[in-house]
>>> print(open('upload_18.cif').read())   # mmCIF, C-alpha atoms
data_query
#
loop_
_atom_site.label_atom_id
_atom_site.label_comp_id
_atom_site.auth_asym_id
_atom_site.auth_seq_id
_atom_site.Cartn_x
_atom_site.Cartn_y
_atom_site.Cartn_z
CA MET A 1 2.60 -30.80 0.46
CA THR A 2 5.95 -29.05 0.84
CA ALA A 3 6.73 -27.33 4.12
CA HIS A 4 5.56 -23.73 4.42
CA LYS A 5 8.28 -21.11 4.26
CA LEU A 6 7.79 -18.04 6.42
CA CYS A 7 6.71 -15.42 3.87
CA MET A 8 8.73 -12.31 4.75
CA ILE A 9 8.61 -10.52 1.42
CA PRO A 10 6.97 -7.05 1.27
CA GLY A 11 3.63 -8.68 0.46
CA PRO A 12 1.87 -11.02 0.45
CA ILE A 13 2.60 -11.24 4.15
CA GLU A 14 1.86 -13.96 6.70
CA PHE A 15 -1.86 -14.39 7.40
CA SER A 16 -3.42 -15.13 10.77
CA GLU A 17 -5.21 -18.40 11.39
CA ASP A 18 -8.49 -16.52 11.78
CA VAL A 19 -8.09 -14.91 8.37
CA LEU A 20 -7.31 -18.24 6.74
CA GLN A 21 -10.31 -19.79 8.48
CA ALA A 22 -12.52 -17.01 7.10
CA MET A 23 -11.23 -17.84 3.61
CA SER A 24 -12.74 -21.31 3.99
CA THR A 25 -16.29 -19.97 4.26
CA PRO A 26 -18.63 -22.25 2.26
CA ALA A 27 -20.02 -21.07 -1.06
CA THR A 28 -22.15 -18.04 -0.31
CA SER A 29 -24.20 -15.76 -2.54
CA HIS A 30 -22.98 -12.18 -2.74
CA VAL A 31 -26.56 -11.07 -1.98
CA ASP A 32 -27.06 -13.50 0.91
CA PRO A 33 -28.46 -11.71 4.01
CA ASN A 34 -25.54 -13.12 5.99
CA PHE A 35 -22.96 -11.65 3.61
CA VAL A 36 -24.43 -8.18 3.04
CA PRO A 37 -23.48 -6.81 6.49
CA ILE A 38 -20.00 -8.37 6.19
CA TYR A 39 -19.35 -6.30 3.06
CA GLY A 40 -20.97 -3.21 4.59
CA GLU A 41 -18.99 -3.41 7.81
CA SER A 42 -15.77 -3.95 5.85
CA ILE A 43 -16.36 -0.70 4.00
CA GLU A 44 -16.89 1.09 7.31
CA MET A 45 -13.79 -0.42 8.90
CA VAL A 46 -11.58 0.59 5.97
CA ARG A 47 -12.62 4.15 6.75
CA LYS A 48 -11.50 3.63 10.36
CA VAL A 49 -8.10 2.25 9.31
CA VAL A 50 -7.26 5.43 7.39
CA LEU A 51 -8.81 7.60 10.14
CA SER A 52 -11.57 9.18 8.10
CA GLU A 53 -15.15 10.08 8.92
CA THR A 54 -16.36 11.10 5.48
CA ALA A 55 -14.26 9.38 2.80
CA GLN A 56 -15.77 6.86 0.38
CA PRO A 57 -14.06 3.45 0.33
CA PHE A 58 -14.24 1.11 -2.66
CA ILE A 59 -13.54 -2.60 -2.14
CA VAL A 60 -13.38 -4.31 -5.53
CA SER A 61 -12.11 -7.67 -6.75
CA GLY A 62 -8.72 -7.22 -8.42
CA SER A 63 -5.06 -6.55 -7.92
CA CYS A 64 -3.86 -3.43 -6.11
CA THR A 65 -2.99 -2.17 -9.60
CA LEU A 66 -6.70 -1.81 -10.27
CA GLY A 67 -6.54 1.16 -7.89
CA TRP A 68 -4.25 2.94 -10.33
CA ASP A 69 -6.77 2.25 -13.10
CA MET A 70 -9.54 3.75 -10.97
CA MET A 71 -7.84 7.13 -11.33
CA VAL A 72 -9.42 7.21 -14.80
CA ASN A 73 -12.48 8.46 -12.91
CA LEU A 74 -10.64 11.66 -12.02
CA LEU A 75 -8.60 12.21 -15.18
CA GLU A 76 -9.61 13.82 -18.44
CA GLN A 77 -7.53 14.09 -21.59
CA GLY A 78 -4.61 16.47 -21.16
CA ASP A 79 -4.86 16.89 -17.39
CA GLU A 80 -1.60 17.92 -15.76
CA VAL A 81 -0.21 15.55 -13.12
CA LEU A 82 2.81 16.08 -10.88
CA ALA A 83 4.37 12.74 -9.89
CA LEU A 84 6.68 12.50 -6.88
CA ASN A 85 8.82 9.50 -7.74
CA THR A 86 10.75 7.30 -5.29
CA GLY A 87 11.14 4.13 -7.32
CA TYR A 88 9.74 1.44 -9.59
CA PHE A 89 6.11 1.82 -8.57
CA GLY A 90 6.19 5.58 -9.05
CA ASP A 91 7.35 4.94 -12.61
CA HIS A 92 4.55 2.53 -13.35
CA PHE A 93 1.83 4.59 -11.66
CA SER A 94 2.76 7.42 -14.04
CA GLU A 95 2.73 5.00 -16.97
CA CYS A 96 -0.82 4.02 -16.04
CA LEU A 97 -2.02 7.62 -15.80
CA GLU A 98 -0.44 8.50 -19.16
CA ILE A 99 -2.56 5.81 -20.81
CA TYR A 100 -5.63 7.73 -19.63
CA GLY A 101 -4.41 11.01 -21.10
CA ALA A 102 -2.47 12.58 -18.24
CA LYS A 103 0.47 14.86 -18.97
CA ILE A 104 3.07 13.87 -16.39
CA THR A 105 5.70 16.09 -14.80
CA THR A 106 8.02 14.02 -12.60
CA LEU A 107 10.03 15.06 -9.56
CA ARG A 108 12.79 12.52 -8.91
CA SER A 109 15.55 12.08 -6.40
CA GLU A 110 18.48 9.74 -6.13
CA VAL A 111 17.81 6.12 -5.20
CA GLY A 112 16.98 5.83 -1.52
CA SER A 113 15.87 9.45 -1.16
CA ARG A 114 12.73 11.45 -1.90
CA PRO A 115 11.93 14.75 -3.62
CA SER A 116 12.28 17.74 -1.32
CA ASN A 117 9.41 19.88 -0.15
CA ALA A 118 11.16 22.88 -1.69
CA ALA A 119 11.17 21.17 -5.11
CA LEU A 120 7.48 20.35 -4.69
CA LYS A 121 6.65 23.94 -3.80
CA GLU A 122 8.60 25.28 -6.77
CA ALA A 123 6.82 22.90 -9.17
CA LEU A 124 3.39 23.85 -7.81
CA GLU A 125 4.12 27.55 -8.23
CA GLN A 126 5.10 27.06 -11.88
CA LYS A 127 2.02 25.21 -13.13
CA LYS A 128 -1.52 24.23 -12.19
CA TYR A 129 -1.95 20.50 -11.62
CA LYS A 130 -5.09 18.37 -11.53
CA MET A 131 -3.39 16.01 -9.12
CA VAL A 132 -0.15 15.29 -7.31
CA THR A 133 0.72 11.60 -6.97
CA VAL A 134 3.02 10.07 -4.40
CA THR A 135 3.91 6.51 -3.44
CA HIS A 136 3.74 6.45 0.36
CA VAL A 137 6.13 3.51 0.53
CA ASP A 138 7.72 2.46 -2.72
CA THR A 139 8.09 -1.30 -2.33
CA SER A 140 11.09 -1.27 -4.65
CA THR A 141 13.22 0.91 -2.34
CA GLY A 142 11.61 0.96 1.09
CA VAL A 143 11.52 4.75 0.96
CA LEU A 144 8.78 6.40 3.04
CA SER A 145 7.35 9.66 1.71
CA ASP A 146 6.11 12.36 4.08
CA ILE A 147 2.53 12.51 2.82
CA LYS A 148 1.43 14.81 5.64
CA SER A 149 3.92 17.47 4.59
CA ILE A 150 3.22 16.89 0.89
CA ALA A 151 -0.53 17.33 1.37
CA GLN A 152 -0.05 20.47 3.47
CA THR A 153 2.18 21.99 0.79
CA VAL A 154 -0.15 21.09 -2.07
CA LYS A 155 -3.31 22.34 -0.37
CA SER A 156 -1.68 25.58 0.81
CA ILE A 157 -0.70 26.50 -2.75
CA SER A 158 -3.47 24.86 -4.77
CA PRO A 159 -6.44 23.68 -2.66
CA GLU A 160 -8.26 22.25 -5.67
CA THR A 161 -5.34 19.99 -6.65
CA LEU A 162 -6.00 16.39 -5.60
CA VAL A 163 -3.47 14.56 -3.43
CA ILE A 164 -3.28 10.97 -4.66
CA VAL A 165 -1.46 8.48 -2.44
CA ASP A 166 -0.38 5.02 -3.55
CA GLY A 167 -0.68 3.37 -0.14
CA VAL A 168 -0.39 -0.24 -1.31
CA CYS A 169 2.61 -0.87 0.96
CA SER A 170 1.56 1.50 3.74
CA VAL A 171 -2.11 1.06 4.68
CA GLY A 172 -2.16 -0.91 7.91
CA SER A 173 1.51 -0.39 8.70
CA GLU A 174 2.17 3.35 8.32
CA GLU A 175 0.46 6.31 9.94
CA ILE A 176 -2.24 7.67 7.63
CA ARG A 177 -4.65 10.38 8.78
CA PHE A 178 -6.87 10.81 5.76
CA ASP A 179 -9.09 13.65 6.99
CA ALA A 180 -6.61 15.51 9.18
CA TRP A 181 -3.94 15.59 6.49
CA GLY A 182 -6.27 16.54 3.63
CA LEU A 183 -5.69 13.48 1.45
CA ASP A 184 -7.95 12.86 -1.54
CA ILE A 185 -7.15 9.30 -2.60
CA VAL A 186 -5.44 6.39 -0.89
CA ILE A 187 -4.95 3.31 -3.04
CA SER A 188 -4.27 -0.03 -1.41
CA GLY A 189 -4.99 -3.75 -1.49
CA SER A 190 -5.50 -6.73 0.71
CA GLN A 191 -2.20 -8.59 0.85
CA LYS A 192 0.18 -6.24 2.63
CA GLY A 193 -0.49 -4.32 5.85
CA LEU A 194 -4.11 -5.44 5.96
CA GLY A 195 -3.02 -9.08 6.19
CA VAL A 196 -5.41 -10.75 3.73
CA PRO A 197 -4.60 -12.95 0.69
CA PRO A 198 -4.21 -11.10 -2.63
CA GLY A 199 -7.24 -10.24 -4.71
CA LEU A 200 -8.91 -7.12 -3.35
CA SER A 201 -8.28 -3.61 -4.62
CA ILE A 202 -9.09 -0.99 -1.98
CA VAL A 203 -9.41 2.70 -2.81
CA VAL A 204 -10.47 5.47 -0.44
CA ALA A 205 -11.72 8.73 -1.97
CA SER A 206 -12.39 12.11 -0.37
CA GLN A 207 -15.63 13.94 -1.00
CA GLN A 208 -13.56 16.48 -2.96
CA ALA A 209 -12.40 13.67 -5.26
CA ILE A 210 -15.94 12.32 -5.59
CA ASN A 211 -17.12 15.80 -6.58
CA VAL A 212 -14.37 16.09 -9.19
CA TYR A 213 -15.57 12.78 -10.62
CA LYS A 214 -19.23 13.85 -10.60
CA ASN A 215 -18.41 17.14 -12.36
CA ARG A 216 -16.17 15.76 -15.10
CA THR A 217 -16.99 17.00 -18.61
CA THR A 218 -16.31 13.75 -20.49
CA PRO A 219 -17.25 10.14 -19.66
CA ALA A 220 -14.66 8.04 -17.82
CA ILE A 221 -13.12 5.75 -20.43
CA SER A 222 -13.45 2.58 -18.41
CA TYR A 223 -16.06 -0.04 -17.69
CA TYR A 224 -15.01 -2.30 -14.80
CA SER A 225 -13.23 0.43 -12.82
CA ASN A 226 -15.88 3.08 -13.44
CA TRP A 227 -17.18 4.72 -10.25
CA ASN A 228 -20.52 5.18 -11.96
CA LYS A 229 -20.84 1.42 -11.57
CA TRP A 230 -19.20 0.98 -8.16
CA LEU A 231 -20.37 3.95 -6.13
CA PRO A 232 -24.00 2.73 -5.94
CA ILE A 233 -22.74 -0.75 -4.99
CA MET A 234 -20.62 0.55 -2.11
CA GLN A 235 -23.43 2.77 -0.87
CA ALA A 236 -25.95 -0.07 -1.05
CA TYR A 237 -23.85 -2.56 0.93
CA GLU A 238 -22.98 0.06 3.54
CA SER A 239 -26.73 0.64 3.90
CA ARG A 240 -27.05 -3.17 4.38
CA LYS A 241 -28.79 -3.65 1.05
CA PRO A 242 -27.65 -6.15 -1.61
CA ALA A 243 -26.68 -4.80 -5.03
CA TYR A 244 -24.99 -6.13 -8.14
CA PHE A 245 -22.60 -4.92 -10.80
CA ALA A 246 -19.84 -7.55 -10.79
CA THR A 247 -19.52 -10.49 -8.43
CA PRO A 248 -17.40 -9.63 -5.38
CA ALA A 249 -14.78 -12.05 -4.03
CA VAL A 250 -17.01 -13.26 -1.20
CA GLN A 251 -14.46 -15.35 0.67
CA LEU A 252 -11.81 -12.62 0.43
CA ILE A 253 -14.24 -10.11 1.86
CA TYR A 254 -15.00 -12.46 4.75
CA ALA A 255 -11.23 -12.65 5.32
CA LEU A 256 -10.88 -8.87 5.06
CA HIS A 257 -13.70 -8.41 7.55
CA THR A 258 -11.93 -10.73 10.01
CA SER A 259 -8.62 -8.91 9.64
CA LEU A 260 -10.17 -5.44 9.88
CA LYS A 261 -12.00 -6.41 13.08
CA ALA A 262 -8.67 -7.37 14.62
CA ILE A 263 -6.92 -4.23 13.35
CA THR A 264 -9.63 -1.85 14.56
CA SER A 265 -10.00 -3.57 17.94
CA GLN A 266 -7.31 -1.24 19.27
CA PRO A 267 -6.41 2.38 18.49
CA MET A 268 -4.57 2.73 15.17
CA GLU A 269 -1.85 4.66 17.03
CA VAL A 270 -0.90 1.43 18.82
CA ARG A 271 -0.49 -0.36 15.50
CA PHE A 272 1.55 2.48 14.01
CA GLU A 273 3.91 2.52 16.97
CA LYS A 274 4.42 -1.25 16.93
CA HIS A 275 5.44 -1.11 13.28
CA ARG A 276 7.78 1.83 13.95
CA GLN A 277 9.51 0.02 16.81
CA VAL A 278 9.93 -3.32 15.04
CA ALA A 279 11.20 -1.57 11.90
CA SER A 280 13.69 0.49 13.90
CA ASN A 281 14.96 -2.61 15.68
CA PHE A 282 15.31 -4.48 12.39
CA ARG A 283 17.26 -1.66 10.77
CA GLN A 284 19.59 -1.71 13.78
CA SER A 285 20.10 -5.45 13.26
CA ILE A 286 20.99 -4.70 9.64
CA ARG A 287 23.52 -2.10 10.73
CA ASP A 288 24.94 -4.53 13.29
CA LEU A 289 25.63 -6.90 10.41
CA GLY A 290 27.57 -4.15 8.66
CA LEU A 291 24.94 -3.75 5.94
CA LYS A 292 23.25 -0.60 4.60
CA THR A 293 19.62 0.05 3.82
CA VAL A 294 18.59 1.46 0.46
CA ALA A 295 16.62 4.20 2.23
CA GLN A 296 19.19 6.85 3.10
CA CYS A 297 17.76 8.18 6.36
CA GLU A 298 15.68 7.04 9.31
CA GLU A 299 12.83 9.46 8.61
CA CYS A 300 12.58 8.24 5.00
CA SER A 301 12.66 4.54 5.96
CA ALA A 302 9.46 2.53 5.73
CA ASN A 303 8.06 0.81 8.80
CA GLY A 304 6.53 -2.14 6.94
CA MET A 305 9.53 -3.25 4.90
CA THR A 306 13.25 -2.72 4.43
CA ALA A 307 15.44 -2.86 1.33
CA VAL A 308 19.11 -3.71 1.98
CA TRP A 309 22.15 -3.42 -0.26
CA LEU A 310 23.94 -6.72 -0.78
CA PRO A 311 27.49 -6.95 0.57
CA GLU A 312 30.22 -7.28 -2.03
CA GLY A 313 30.70 -10.81 -3.30
CA ILE A 314 27.20 -12.06 -2.50
CA GLU A 315 24.44 -12.28 -5.10
CA ILE A 316 20.67 -12.63 -5.00
CA PRO A 317 20.70 -16.16 -6.53
CA GLN A 318 22.83 -17.19 -3.55
CA LEU A 319 21.16 -15.36 -0.69
CA VAL A 320 17.47 -15.87 -1.42
CA PRO A 321 17.74 -19.68 -1.78
CA ALA A 322 19.99 -19.85 1.29
CA LEU A 323 17.26 -18.33 3.46
CA ALA A 324 14.57 -20.38 1.72
CA LYS A 325 16.38 -23.58 2.71
CA LYS A 326 16.12 -22.40 6.30
CA GLY A 327 12.38 -21.77 5.93
CA VAL A 328 12.33 -18.03 5.26
CA GLN A 329 11.28 -16.42 1.97
CA ILE A 330 12.71 -12.98 1.18
CA ALA A 331 12.69 -10.99 -2.06
CA GLY A 332 15.31 -9.66 -4.43
CA GLY A 333 15.31 -6.13 -5.79
CA ILE A 334 13.22 -4.82 -8.70
CA LEU A 335 14.70 -1.42 -9.54
CA THR A 336 15.75 -1.29 -13.18
CA GLY A 337 19.52 -1.62 -13.41
CA LEU A 338 19.89 -2.33 -9.69
CA ALA A 339 17.62 -5.34 -9.16
CA GLY A 340 20.54 -7.67 -8.46
CA LYS A 341 22.20 -5.33 -6.00
CA TYR A 342 19.84 -5.51 -3.02
CA PHE A 343 17.23 -7.60 -1.24
CA ARG A 344 13.94 -6.78 0.47
CA ILE A 345 12.27 -8.00 3.66
CA GLY A 346 8.73 -7.28 4.83
CA HIS A 347 7.74 -6.66 8.44
CA MET A 348 3.99 -6.08 8.54
CA GLY A 349 0.88 -7.44 10.19
CA ILE A 350 1.06 -10.38 12.58
CA SER A 351 4.83 -10.63 12.15
CA VAL A 352 4.93 -7.29 13.98
CA THR A 353 1.83 -7.22 16.18
CA GLU A 354 2.30 -10.75 17.54
CA PRO A 355 6.00 -10.95 18.46
CA GLU A 356 5.41 -14.27 20.23
CA ARG A 357 5.35 -15.86 16.76
CA GLY A 358 9.09 -15.10 16.52
CA HIS A 359 8.98 -14.13 12.84
CA MET A 360 11.44 -11.24 13.05
CA ASP A 361 13.84 -13.16 15.26
CA LYS A 362 13.87 -15.98 12.72
CA VAL A 363 14.54 -13.55 9.86
CA VAL A 364 17.54 -12.00 11.63
CA GLU A 365 18.85 -15.40 12.66
CA THR A 366 18.58 -17.00 9.22
CA LEU A 367 19.92 -13.91 7.46
CA THR A 368 22.95 -13.85 9.76
CA GLU A 369 23.60 -17.57 9.29
CA SER A 370 23.14 -17.44 5.51
CA LEU A 371 25.49 -14.50 5.06
CA LYS A 372 28.13 -16.27 7.15
CA GLU A 373 27.75 -19.50 5.14
CA LEU A 374 28.19 -17.51 1.93
CA GLY A 375 31.50 -16.14 3.18
CA TYR A 376 30.42 -12.72 4.40
CA LYS A 377 32.29 -11.27 7.37
CA ALA A 378 30.77 -8.28 9.11
#
>>> encode(input="upload_18.cif", output="structure tokens")
Amino acid sequence: MTAHKLCMIPGPIEFSEDVLQAMSTPATSHVDPNFVPIYGESIEMVRKVVLSETAQPFIVSGSCTLGWDMMVNLLEQGDEVLALNTGYFGDHFSECLEIYGAKITTLRSEVGSRPSNAALKEALEQKKYKMVTVTHVDTSTGVLSDIKSIAQTVKSISPETLVIVDGVCSVGSEEIRFDAWGLDIVISGSQKGLGVPPGLSIVVASQQAINVYKNRTTPAISYYSNWNKWLPIMQAYESRKPAYFATPAVQLIYALHTSLKAITSQPMEVRFEKHRQVASNFRQSIRDLGLKTVAQCEECSANGMTAVWLPEGIEIPQLVPALAKKGVQIAGGILTGLAGKYFRIGHMGISVTEPERGHMDKVVETLTESLKELGYKA
């Protein structure tokens, strides 16, 4: 087996030994009395991670992208959707919703920035929207959206409009206060801030969103992602009763349970602050190297990842392999037309909360050495 490279892309992230051990659970029935409470407790702990008392979590086998598809439960043909776009994933979230009949109005900003609150307010005053979508952290740019302010603005103008947050690259690493901020949906998955191998789609829905689903006038045009199928399953497992619609990823849920127990063993505020501090320190290291982040300001910079413009004369096919040879895996860019102009580094989970592992120190060290070897002079 080849040597393991430190996985410092913006997900999947490095996994703890306990999580990996949980993944090796022997073959277990999804209705086994030993597994039922594991699933139920995982649902409850997801609620704790997003700081909610009343929201309904869904934990379903699939990619994070399945969470986008689950919005079919809230959409009906011709529904108006306002999309706040900060990059690649905002584009593709809108593409998904259009397939289910949404009419999309997009608010954009220049690369590395985010739509203003004034622009949001103006858009809301011009038209009634079924939902407003926002990518909390767009993994393509490392831009952090202010979902607290967005939700406050939306609910003050149009209380019935749903606030839909793509939190794939933010749950577990960014501050999210689901109830206090009036959020309606947070979409996430297992392999980023929650520190579990890929394969679980996690969606958290407010009671307002659940009521919108229950009162829809046409059937949801989906089978696997249909809440009519999944809501009874989630409620059954949380009540410690087995139920069946589609087989859950048993070993992944054991791993999720292990990770969530560690995450919720301390106040979420502690975790948020650790990610803020490590991210701030890393961005300072980037500036010390004479490099610039794609995110244009500190307040719009993600705390779980950073995108960095390449210095002149150095290309992705040089830099990424240079770090890989030193045992560190980073990622290139993915923005259309700019993918070759920047690179991305993740700083989430145990790489942040367990500094004794030295992950971030190794990233800065190998990045500095690689740039120097490639002829860069700060």
>>> resolve_selection(input="upload_18.cif", expression="the PyMOL selection byres ((chain A and resi 42) around 8)", output="list in words")
Ile38, Tyr39, Gly40, Glu41, Ile43, Glu44, Met45, Val46, Ile253, Leu256, His257 and Leu260 of chain A
>>> closest_atom_pairs(input="upload_18.cif", of="range 2-114 of chain A", to="range 129-150 of chain A", cutoff="10 Å", atoms="all atoms listed in the file", output="tab-separated table")
residue	atom	partner	partner_atom	distance
A:Ile9	CA	A:Thr139	CA	10.0
A:Pro10	CA	A:Thr139	CA	6.9
A:Gly11	CA	A:Thr139	CA	9.1
A:Leu74	CA	A:Lys130	CA	8.7
A:Leu75	CA	A:Lys130	CA	8.0
A:Glu76	CA	A:Lys130	CA	9.4
A:Gly78	CA	A:Lys130	CA	9.8
A:Asp79	CA	A:Lys130	CA	6.0
A:Glu80	CA	A:Tyr129	CA	4.9
A:Val81	CA	A:Met131	CA	5.1
A:Leu82	CA	A:Val132	CA	4.7
A:Ala83	CA	A:Thr133	CA	4.8
A:Leu84	CA	A:Val134	CA	5.0
A:Asn85	CA	A:Val134	CA	6.7
A:Thr86	CA	A:Asp138	CA	6.3
A:Gly87	CA	A:Asp138	CA	6.0
A:Tyr88	CA	A:Ser140	CA	5.8
A:Phe89	CA	A:Asp138	CA	6.1
A:Gly90	CA	A:Thr135	CA	6.1
A:Asp91	CA	A:Thr135	CA	9.9
A:Phe93	CA	A:Thr133	CA	8.5
A:Ser94	CA	A:Thr133	CA	8.5
A:Ala102	CA	A:Lys130	CA	9.2
A:Lys103	CA	A:Tyr129	CA	9.6
A:Ile104	CA	A:Tyr129	CA	9.6
A:Thr105	CA	A:Tyr129	CA	9.4
A:Thr106	CA	A:Thr133	CA	9.5
A:Val111	CA	A:Thr141	CA	7.5
A:Gly112	CA	A:Val143	CA	6.1
A:Ser113	CA	A:Val143	CA	6.7
A:Arg114	CA	A:Ser145	CA	6.7
>>> closest_residue(input="upload_18.cif", among="A:Val165, A:Ala118, A:Ser201, A:Ser173", to="Glu273 in chain A", atoms="all atoms listed in the file")
A:Ser173
>>> resolve_selection(input="upload_18.cif", expression="the PyMOL selection byres ((chain A and resi 279) around 10)", output="list in words")
Glu273, Lys274, His275, Arg276, Gln277, Val278, Ser280, Asn281, Phe282, Arg283, Gln284, Ser285, Ser301, Ala302, Asn303, Gly304, Met305, Thr306, Gly346, His347, Met348, Val352 and Met360 of chain A
>>> residues_around(input="upload_18.cif", residues="Lys214 in chain A", least_positions_apart="3", cutoff="12 Å", atoms="only C-alpha atoms", output="count of residues only")
16
>>> residues_near_point(input="upload_18.cif", point="(27.5, -5.6, -2.0)", cutoff="12 Å", atoms="all atoms listed in the file", output="ChimeraX atom specification")
/A:290-294,308-316,319,338,340-343,371,376-378
>>> residues_around(input="upload_18.cif", residues="Val171 in chain A", least_positions_apart="3", cutoff="8 Å", atoms="all atoms listed in the file", output="JSON list (two decimals) with C-alpha atoms, in the frame of the given file")
[["chain", "number", "residue", "atom", "x", "y", "z"],
["A", 49, "VAL", "CA", -8.10, 2.25, 9.31],
["A", 50, "VAL", "CA", -7.26, 5.43, 7.39],
["A", 167, "GLY", "CA", -0.68, 3.37, -0.14],
["A", 168, "VAL", "CA", -0.39, -0.24, -1.31],
["A", 174, "GLU", "CA", 2.17, 3.35, 8.32],
["A", 175, "GLU", "CA", 0.46, 6.31, 9.94],
["A", 176, "ILE", "CA", -2.24, 7.67, 7.63],
["A", 188, "SER", "CA", -4.27, -0.03, -1.41],
["A", 192, "LYS", "CA", 0.18, -6.24, 2.63],
["A", 193, "GLY", "CA", -0.49, -4.32, 5.85],
["A", 194, "LEU", "CA", -4.11, -5.44, 5.96]]
>>> atom_distance(input="upload_18.cif", atom1="CA of Val186 in chain A", atom2="CA of Gly67 in chain A")
8.8 Å
>>> atom_distance(input="upload_18.cif", atom1="CA of Gln251 in chain A", atom2="CA of Pro37 in chain A")
13.7 Å
>>> residues_near_point(input="upload_18.cif", point="(-6.2, -4.0, -12.3)", cutoff="12 Å", atoms="all atoms listed in the file", output="PDB file with C-alpha atoms, in the coordinates of the input")
ATOM      1  CA  VAL A  60     -13.380  -4.310  -5.530  1.00  0.00           C
ATOM      2  CA  SER A  61     -12.110  -7.670  -6.750  1.00  0.00           C
ATOM      3  CA  GLY A  62      -8.720  -7.220  -8.420  1.00  0.00           C
ATOM      4  CA  SER A  63      -5.060  -6.550  -7.920  1.00  0.00           C
ATOM      5  CA  CYS A  64      -3.860  -3.430  -6.110  1.00  0.00           C
ATOM      6  CA  THR A  65      -2.990  -2.170  -9.600  1.00  0.00           C
ATOM      7  CA  LEU A  66      -6.700  -1.810 -10.270  1.00  0.00           C
ATOM      8  CA  GLY A  67      -6.540   1.160  -7.890  1.00  0.00           C
ATOM      9  CA  TRP A  68      -4.250   2.940 -10.330  1.00  0.00           C
ATOM     10  CA  ASP A  69      -6.770   2.250 -13.100  1.00  0.00           C
ATOM     11  CA  MET A  70      -9.540   3.750 -10.970  1.00  0.00           C
ATOM     12  CA  MET A  71      -7.840   7.130 -11.330  1.00  0.00           C
ATOM     13  CA  VAL A  72      -9.420   7.210 -14.800  1.00  0.00           C
ATOM     14  CA  PHE A  93       1.830   4.590 -11.660  1.00  0.00           C
ATOM     15  CA  CYS A  96      -0.820   4.020 -16.040  1.00  0.00           C
ATOM     16  CA  ILE A 187      -4.950   3.310  -3.040  1.00  0.00           C
ATOM     17  CA  SER A 188      -4.270  -0.030  -1.410  1.00  0.00           C
ATOM     18  CA  GLY A 189      -4.990  -3.750  -1.490  1.00  0.00           C
ATOM     19  CA  GLY A 199      -7.240 -10.240  -4.710  1.00  0.00           C
ATOM     20  CA  LEU A 200      -8.910  -7.120  -3.350  1.00  0.00           C
ATOM     21  CA  SER A 201      -8.280  -3.610  -4.620  1.00  0.00           C
ATOM     22  CA  ILE A 202      -9.090  -0.990  -1.980  1.00  0.00           C
ATOM     23  CA  SER A 222     -13.450   2.580 -18.410  1.00  0.00           C
ATOM     24  CA  TYR A 223     -16.060  -0.040 -17.690  1.00  0.00           C
ATOM     25  CA  TYR A 224     -15.010  -2.300 -14.800  1.00  0.00           C
ATOM     26  CA  SER A 225     -13.230   0.430 -12.820  1.00  0.00           C
TER      27      SER A 225
END
>>> axis_aligned_box(input="upload_18.cif", around="range 146-161 of chain A", padding_each_side="3 Å", output="AutoDock Vina command-line options")
--center_x -1.1 --center_y 19.4 --center_z -0.5 --size_x 20.4 --size_y 20.1 --size_z 18.3
>>> atom_distance(input="upload_18.cif", atom1="CA of Glu365 in chain A", atom2="CA of Arg344 in chain A")
15.7 Å
>>> residues_around(input="upload_18.cif", residues="Val154 in chain A", least_positions_apart="6", cutoff="10 Å", atoms="only C-alpha atoms", output="PyMOL selection string")
chain A and resi 117+120-121+124-125+129+131-132+160-163+182
>>> closest_residue(input="upload_18.cif", among="A:Phe35, A:Tyr100, A:Phe178, A:Tyr254", to="Ala205 in chain A", atoms="all atoms listed in the file")
A:Phe178
>>> closest_residue(input="upload_18.cif", among="A:Ser239, A:Thr336, A:Ser265, A:Thr366", to="Val36 in chain A", atoms="all atoms listed in the file")
A:Ser239
>>> residues_around(input="upload_18.cif", residues="Val328 in chain A", least_positions_apart="3", cutoff="12 Å", atoms="only C-alpha atoms", output="PyMOL selection string")
chain A and resi 3-9+13-14+319-325+331+345-346+359-367+369-370
>>> residues_around(input="upload_18.cif", residues="Val19 in chain A", least_positions_apart="2", cutoff="9 Å", atoms="only C-alpha atoms", output="list in words")
Phe15, Ser16, Glu17, Gln21, Ala22, Met23, Gly195, Val196, Pro197, Tyr254, Ala255, Leu256, His257, Thr258 and Ser259 of chain A
>>> decode(input="upload_18.cif", residues="range 222-226 of chain A", atoms="N, CA, C and O atoms", output="CSV table (one decimal), in the first residue's frame")
chain,number,residue,atom,x,y,z
A,222,SER,N,-40.4,12.9,-7.0
A,222,SER,CA,-39.2,12.2,-6.7
A,222,SER,C,-39.6,10.9,-5.9
A,222,SER,O,-40.6,10.9,-5.2
A,223,TYR,N,-38.7,9.9,-6.0
A,223,TYR,CA,-39.0,8.7,-5.2
A,223,TYR,C,-38.0,8.6,-4.0
A,223,TYR,O,-38.4,8.7,-2.9
A,224,TYR,N,-36.7,8.4,-4.3
A,224,TYR,CA,-35.8,8.2,-3.3
A,224,TYR,C,-35.6,9.3,-2.3
A,224,TYR,O,-35.4,9.2,-1.1
A,225,SER,N,-35.7,10.6,-2.8
A,225,SER,CA,-35.5,11.7,-2.0
A,225,SER,C,-36.8,12.3,-1.4
A,225,SER,O,-36.8,13.4,-0.8
A,226,ASN,N,-37.9,11.6,-1.5
A,226,ASN,CA,-39.2,12.0,-1.1
A,226,ASN,C,-39.4,12.0,0.4
A,226,ASN,O,-39.2,10.9,1.0
